[in-house]
Amino acid sequence: MSSGAPWAGRPVAIVHDWFQGYHGAERVVEVLADDVLAEAGRVDVFTFHAERELLPPRLAARIVCESRPSRLPGLRQVGHDPGRWRYLLPYMPRFFRSLDLSGYDLVVVSSHSCAINAAPPTGTPCVCYCHTPMRYAWLTDTERGRLDGVRGRVLGALSGWLRRQDRAAAQRPDRLVGNSTAVRDRIRRFYDRDADVVHPPVEVEELRADPGAERGSFLWVGRLVPYKQPLLVAEAFRGLPHKLTMVGIGPQEEELRARLPENVELRGWISREELEQLYRQASGFLHVGEEDFGITMVEALAAGAPVIAQNAGGARDIVRDGIDGVLLDEPDLASLRAAIERVAATEWDRRALAERATEFSRPRFVAAMRELLTETMAR
């Protein structure tokens with residue numbers, strides 16, 4: 001990388017909502033720190049909460065600030081037990097606004113919730129990589145499928161206040177970046193601001209296409225939650241001459257296991273090596289929940305598997321209908337079964353699918369973000 005980056009040798013801050021685990025948004029922070037901002041004098045990470053044991057050591061070591069309340073007994077997270085710190089959501093905008101970012105020459109915000117409230121001193125370049133405007137505030141109808149009970153009612157009551165806070169905060173960054181065209185459209189609609197689109201980095205090099213995939217073997221990967229529709233996906237395979245492997249855990253696991261067709265296998269969390277092998281063996285991949293982006297769809301393409309997805313959200317950026325898989329306008333049992341049969345009957349060029357995935361690779365993300373940050377600091 002060129003040593004002529006404007007942040008070379010200078011202190012840079014990254015502000016991220018929280019680190020509950022090591023998922024897509026957290027990988028974005030890691031790549032920003034390690035690759036995009038590699039020449040910085042130092043890269044410090046500010047966050048509301050971090051379960052450091054679940055993070056790569058180098059990323060965990062960069063975290064210099066997190067909130068004290070989130071560490072209190074009864075609230076704090078312990079390993080994979082999520083704790084109750086997310087009940088502090090009404091306090092989070094104030095926490096992020098209060099961060100002292102005066103010692104940094106560039107601030108990069110990674111936000112899907114409240115981190116966008118970070119307020120660097122006037123004159124400090126600030127770019128926000130927006131995974132989505134806060135769902136709890138703006139997409140309450142969608143969130144009813146993710147949250148129920150007391151949490152859902154409380155967030156519903158707070159939605160108006162959260163919207164005002166979120167919209168005001170979104171005016172501060174010099175530049176907004178959406179992780180998909182769907183998120184860019186939300187930014188325009190909710191914040192009345194334009195945004196660039198830079199798709200998140202996916203480790204596509206690890207998943208080389210295997211021309212010898214097992215015919216009629218399909219794969220589904222995700223949390224077992226209603227909006228991802230695992231019950232619908234499993235039921236679609238009942239009576240079909242194909243088999244499905246489902247990978248994931250979540251609140252619908254017990255119900256799903258009780259209803260599994262004979263040709264569907266449900267596995268819990270597995271190693272990355274096992275998952276990569278399942279990708280390579282799959283002759284098709286299903287993901288019918290609407291996502292902001294959808295990293296697993298890119299991973300499936302990288303392994304040469306065509307994707308069946310809902311024609312919404314990030315899938316529109318990833319899957320071209322009839323070329324990379326099948327897009328469904330309104331997934332239901334009949335349309336999903338027809339799509340499975342269509343994928344099974346089609347001869348797909350697995351190497352061409354893998355080539356498509358390179359458009360969402362880590363190097364592409366790094367190059368795009370470096371160019372964008374350089375332009376911002378030159379203003």
# chains A, B, ... in the order shown; residues from 1 in each chain; ligands from 1
>>> select_by_dssp(residues="range 196-357 of chain A", states="helix (DSSP H, G or I)", output="NGL selection string")
:A and (204-206 or 226-228 or 230-236 or 253-259 or 272-281 or 295-302 or 315-318 or 333-345 or 350-357)
>>> residues_around(residues="range 170-180 of chain A", least_positions_apart="6", cutoff="7 Å", atoms="only C-alpha atoms", output="ChimeraX atom specification")
/A:116,125-131,191,195-200,292-293,314,317
>>> select_by_dssp(residues="range 57-202 of chain A", states="strand (DSSP E)", output="list in words")
Ile63, Val64, Cys65, Leu106, Val107, Val108, Val109, Ser110, Ser111, Cys126, Val127, Cys128, Tyr129, Cys130, Arg175, Leu176, Val177, Gly178, Asp196 and Val197 of chain A
>>> write_last_selection(atoms="N, CA and C atoms", output="mmCIF file, in the first residue's frame")
data_model
loop_
_atom_site.group_PDB
_atom_site.id
_atom_site.type_symbol
_atom_site.label_atom_id
_atom_site.label_comp_id
_atom_site.auth_asym_id
_atom_site.auth_seq_id
_atom_site.Cartn_x
_atom_site.Cartn_y
_atom_site.Cartn_z
ATOM 1 N N ILE A 63 -9.452 -1.717 21.188
ATOM 2 C CA ILE A 63 -10.567 -1.072 21.888
ATOM 3 C C ILE A 63 -10.037 -0.309 23.105
ATOM 4 N N VAL A 64 -10.229 0.997 23.082
ATOM 5 C CA VAL A 64 -9.697 1.853 24.164
ATOM 6 C C VAL A 64 -10.797 2.415 25.044
ATOM 7 N N CYS A 65 -12.052 2.257 24.641
ATOM 8 C CA CYS A 65 -13.134 2.855 25.424
ATOM 9 C C CYS A 65 -14.417 2.083 25.219
ATOM 10 N N LEU A 106 -8.721 11.818 12.077
ATOM 11 C CA LEU A 106 -9.766 11.244 11.235
ATOM 12 C C LEU A 106 -10.626 10.349 12.110
ATOM 13 N N VAL A 107 -11.943 10.430 11.911
ATOM 14 C CA VAL A 107 -12.877 9.571 12.649
ATOM 15 C C VAL A 107 -13.716 8.803 11.627
ATOM 16 N N VAL A 108 -13.728 7.479 11.769
ATOM 17 C CA VAL A 108 -14.558 6.617 10.932
ATOM 18 C C VAL A 108 -15.582 5.956 11.838
ATOM 19 N N VAL A 109 -16.846 6.147 11.526
ATOM 20 C CA VAL A 109 -17.934 5.577 12.324
ATOM 21 C C VAL A 109 -18.505 4.366 11.590
ATOM 22 N N SER A 110 -18.670 3.266 12.300
ATOM 23 C CA SER A 110 -19.307 2.053 11.782
ATOM 24 C C SER A 110 -20.605 1.880 12.556
ATOM 25 N N SER A 111 -21.743 2.143 11.901
ATOM 26 C CA SER A 111 -22.992 2.247 12.659
ATOM 27 C C SER A 111 -24.135 1.464 12.050
ATOM 28 N N CYS A 126 -14.879 13.239 9.182
ATOM 29 C CA CYS A 126 -15.654 12.127 9.734
ATOM 30 C C CYS A 126 -16.460 11.461 8.635
ATOM 31 N N VAL A 127 -16.286 10.150 8.498
ATOM 32 C CA VAL A 127 -17.032 9.353 7.526
ATOM 33 C C VAL A 127 -17.789 8.274 8.289
ATOM 34 N N CYS A 128 -19.065 8.107 7.970
ATOM 35 C CA CYS A 128 -19.873 7.055 8.607
ATOM 36 C C CYS A 128 -20.169 5.949 7.610
ATOM 37 N N TYR A 129 -19.695 4.742 7.921
ATOM 38 C CA TYR A 129 -20.070 3.552 7.156
ATOM 39 C C TYR A 129 -21.336 3.017 7.806
ATOM 40 N N CYS A 130 -22.449 3.146 7.102
ATOM 41 C CA CYS A 130 -23.761 2.832 7.662
ATOM 42 C C CYS A 130 -24.214 1.449 7.203
ATOM 43 N N ARG A 175 -19.459 12.575 5.320
ATOM 44 C CA ARG A 175 -19.833 11.677 4.234
ATOM 45 C C ARG A 175 -20.474 10.434 4.820
ATOM 46 N N LEU A 176 -21.515 9.946 4.155
ATOM 47 C CA LEU A 176 -22.177 8.705 4.547
ATOM 48 C C LEU A 176 -21.942 7.653 3.469
ATOM 49 N N VAL A 177 -21.725 6.419 3.910
ATOM 50 C CA VAL A 177 -21.492 5.297 3.010
ATOM 51 C C VAL A 177 -22.447 4.178 3.390
ATOM 52 N N GLY A 178 -23.251 3.697 2.449
ATOM 53 C CA GLY A 178 -24.137 2.575 2.712
ATOM 54 C C GLY A 178 -23.503 1.273 2.274
ATOM 55 N N ASP A 196 -22.651 7.226 -0.650
ATOM 56 C CA ASP A 196 -21.941 6.318 -1.545
ATOM 57 C C ASP A 196 -22.324 4.888 -1.170
ATOM 58 N N VAL A 197 -22.018 3.940 -2.040
ATOM 59 C CA VAL A 197 -22.223 2.515 -1.732
ATOM 60 C C VAL A 197 -20.884 1.802 -1.835
#
>>> closest_residue(among="A:His80, A:Glu273, A:His242, A:Val225", to="Glu255 in chain A", atoms="only C-alpha atoms")
A:Val225
>>> closest_residue(among="A:Asn117, A:Thr132, A:Gln20, A:Asn263", to="Ser98 in chain A", atoms="only C-alpha atoms")
A:Asn117
>>> closest_residue(among="A:Leu278, A:Leu240, A:Ala13, A:Leu372", to="Phe46 in chain A", atoms="only C-alpha atoms")
A:Ala13
>>> residues_around(residues="range 348-360 of chain A", least_positions_apart="6", cutoff="7 Å", atoms="only C-alpha atoms", output="compact mmCIF listing (two decimals) with N, CA and C atoms, in the first residue's frame")
# COMPACT_ATOMS: atom_id res chain seq x y z
N HIS A 199 -19.77 -2.07 -0.80
CA HIS A 199 -20.20 -3.34 -0.21
C HIS A 199 -19.17 -3.83 0.80
N PRO A 200 -19.60 -4.48 1.87
CA PRO A 200 -18.67 -4.96 2.90
C PRO A 200 -17.73 -6.02 2.36
N PRO A 201 -16.59 -6.22 3.04
CA PRO A 201 -15.61 -7.19 2.56
C PRO A 201 -16.01 -8.63 2.88
N VAL A 202 -15.88 -9.49 1.90
CA VAL A 202 -16.17 -10.91 2.10
C VAL A 202 -14.92 -11.70 1.72
N VAL A 204 -13.78 -14.09 0.02
CA VAL A 204 -14.16 -15.01 -1.06
C VAL A 204 -13.01 -15.93 -1.46
N ALA A 209 -14.47 -22.32 -5.95
CA ALA A 209 -15.53 -23.11 -6.55
C ALA A 209 -15.08 -24.55 -6.79
N PRO A 211 -16.11 -27.75 -8.88
CA PRO A 211 -17.00 -28.24 -9.95
C PRO A 211 -17.65 -29.58 -9.62
N VAL A 298 -22.92 -14.13 -0.72
CA VAL A 298 -21.65 -13.97 -1.44
C VAL A 298 -20.75 -15.17 -1.21
N LEU A 301 -21.87 -17.99 -3.46
CA LEU A 301 -21.43 -17.77 -4.84
C LEU A 301 -19.95 -18.06 -4.99
N ALA A 302 -19.15 -17.63 -3.99
CA ALA A 302 -17.71 -17.85 -4.06
C ALA A 302 -17.37 -19.33 -4.15
N ALA A 303 -18.22 -20.18 -3.54
CA ALA A 303 -18.02 -21.63 -3.60
C ALA A 303 -18.67 -22.24 -4.84
N GLY A 304 -19.32 -21.40 -5.66
CA GLY A 304 -19.91 -21.88 -6.91
C GLY A 304 -21.35 -22.31 -6.82
N ALA A 305 -22.05 -21.95 -5.72
CA ALA A 305 -23.44 -22.37 -5.55
C ALA A 305 -24.39 -21.25 -5.95
N ASP A 324 -27.10 -15.60 -11.45
CA ASP A 324 -26.43 -16.05 -10.22
C ASP A 324 -27.35 -16.88 -9.35
>>> residues_around(residues="Ala339 in chain A", least_positions_apart="4", cutoff="8 Å", atoms="only C-alpha atoms", output="PyMOL selection string")
chain A and resi 308+326+335+343
>>> write_last_selection(atoms="N, CA and C atoms", output="JSON list (two decimals), in the first residue's frame")
[["chain", "number", "residue", "atom", "x", "y", "z"],
["A", 308, "ILE", "N", -30.85, -18.84, -4.11],
["A", 308, "ILE", "CA", -32.28, -18.53, -4.13],
["A", 308, "ILE", "C", -32.50, -17.50, -3.02],
["A", 326, "VAL", "N", -31.85, -17.40, -8.36],
["A", 326, "VAL", "CA", -33.26, -17.08, -8.57],
["A", 326, "VAL", "C", -33.71, -16.08, -7.50],
["A", 335, "SER", "N", -43.78, -20.89, -4.55],
["A", 335, "SER", "CA", -42.72, -20.24, -5.32],
["A", 335, "SER", "C", -41.34, -20.73, -4.91],
["A", 343, "VAL", "N", -33.45, -24.43, -9.86],
["A", 343, "VAL", "CA", -32.01, -24.46, -9.61],
["A", 343, "VAL", "C", -31.46, -25.86, -9.83]]
>>> closest_residue(among="A:Phe237, A:Glu262, A:Glu291, A:Gln281", to="Glu341 in chain A", atoms="only C-alpha atoms")
A:Phe237
>>> atom_distance(atom1="CA of Glu265 in chain A", atom2="CA of Leu244 in chain A")
6.3 Å
>>> residues_around(residues="Leu256 in chain A", least_positions_apart="4", cutoff="7 Å", atoms="only C-alpha atoms", output="list in words")
Leu231, Gln252 and Leu260 of chain A
>>> write_last_selection(atoms="C-alpha atoms", output="mmCIF file, in the first residue's frame")
data_model
loop_
_atom_site.group_PDB
_atom_site.id
_atom_site.type_symbol
_atom_site.label_atom_id
_atom_site.label_comp_id
_atom_site.auth_asym_id
_atom_site.auth_seq_id
_atom_site.Cartn_x
_atom_site.Cartn_y
_atom_site.Cartn_z
ATOM 1 C CA LEU A 231 -39.621 -22.991 8.935
ATOM 2 C CA GLN A 252 -37.043 -21.324 16.581
ATOM 3 C CA LEU A 260 -38.141 -31.326 10.059
#
>>> residues_around(residues="Val366 in chain A", least_positions_apart="3", cutoff="8 Å", atoms="only C-alpha atoms", output="mmCIF file with N, CA and C atoms, in the first residue's frame")
data_model
loop_
_atom_site.group_PDB
_atom_site.id
_atom_site.type_symbol
_atom_site.label_atom_id
_atom_site.label_comp_id
_atom_site.auth_asym_id
_atom_site.auth_seq_id
_atom_site.Cartn_x
_atom_site.Cartn_y
_atom_site.Cartn_z
ATOM 1 N N VAL A 31 -11.216 -4.909 9.149
ATOM 2 C CA VAL A 31 -10.580 -4.613 7.869
ATOM 3 C C VAL A 31 -10.274 -3.124 7.742
ATOM 4 N N LEU A 32 -11.152 -2.272 8.253
ATOM 5 C CA LEU A 32 -10.855 -0.841 8.274
ATOM 6 C C LEU A 32 -9.550 -0.571 9.018
ATOM 7 N N ASP A 35 -6.341 -2.937 7.277
ATOM 8 C CA ASP A 35 -6.003 -2.782 5.862
ATOM 9 C C ASP A 35 -6.212 -1.361 5.341
ATOM 10 N N VAL A 36 -7.429 -0.848 5.512
ATOM 11 C CA VAL A 36 -7.737 0.478 4.968
ATOM 12 C C VAL A 36 -6.865 1.543 5.613
ATOM 13 N N PRO A 201 -16.592 -6.218 3.038
ATOM 14 C CA PRO A 201 -15.606 -7.194 2.559
ATOM 15 C C PRO A 201 -16.008 -8.626 2.884
ATOM 16 N N ARG A 362 -12.567 -8.603 -0.225
ATOM 17 C CA ARG A 362 -11.861 -7.711 0.701
ATOM 18 C C ARG A 362 -11.010 -6.672 -0.036
ATOM 19 N N PRO A 363 -10.208 -7.050 -1.042
ATOM 20 C CA PRO A 363 -9.424 -6.035 -1.749
ATOM 21 C C PRO A 363 -10.283 -4.948 -2.389
ATOM 22 N N MET A 369 -12.707 2.099 -0.001
ATOM 23 C CA MET A 369 -12.719 2.900 1.218
ATOM 24 C C MET A 369 -11.496 3.801 1.304
ATOM 25 N N ARG A 370 -10.347 3.333 0.860
ATOM 26 C CA ARG A 370 -9.155 4.180 0.872
ATOM 27 C C ARG A 370 -9.352 5.405 -0.040
#
>>> closest_residue(among="A:Gly284, A:Pro306, A:Gly222, A:Gly83", to="Leu266 in chain A", atoms="only C-alpha atoms")
A:Gly222
>>> atom_distance(atom1="CA of Arg186 in chain A", atom2="CA of Arg135 in chain A")
10.4 Å
>>> residues_around(residues="Cys114 in chain A", least_positions_apart="5", cutoff="12 Å", atoms="only C-alpha atoms", output="PyMOL selection string")
chain A and resi 15-18+47-49+86+88-97+109+119+128+130-137+162-163+165-170
>>> closest_residue(among="A:Arg208, A:Arg316, A:Arg42, A:Arg337", to="Tyr104 in chain A", atoms="only C-alpha atoms")
A:Arg42
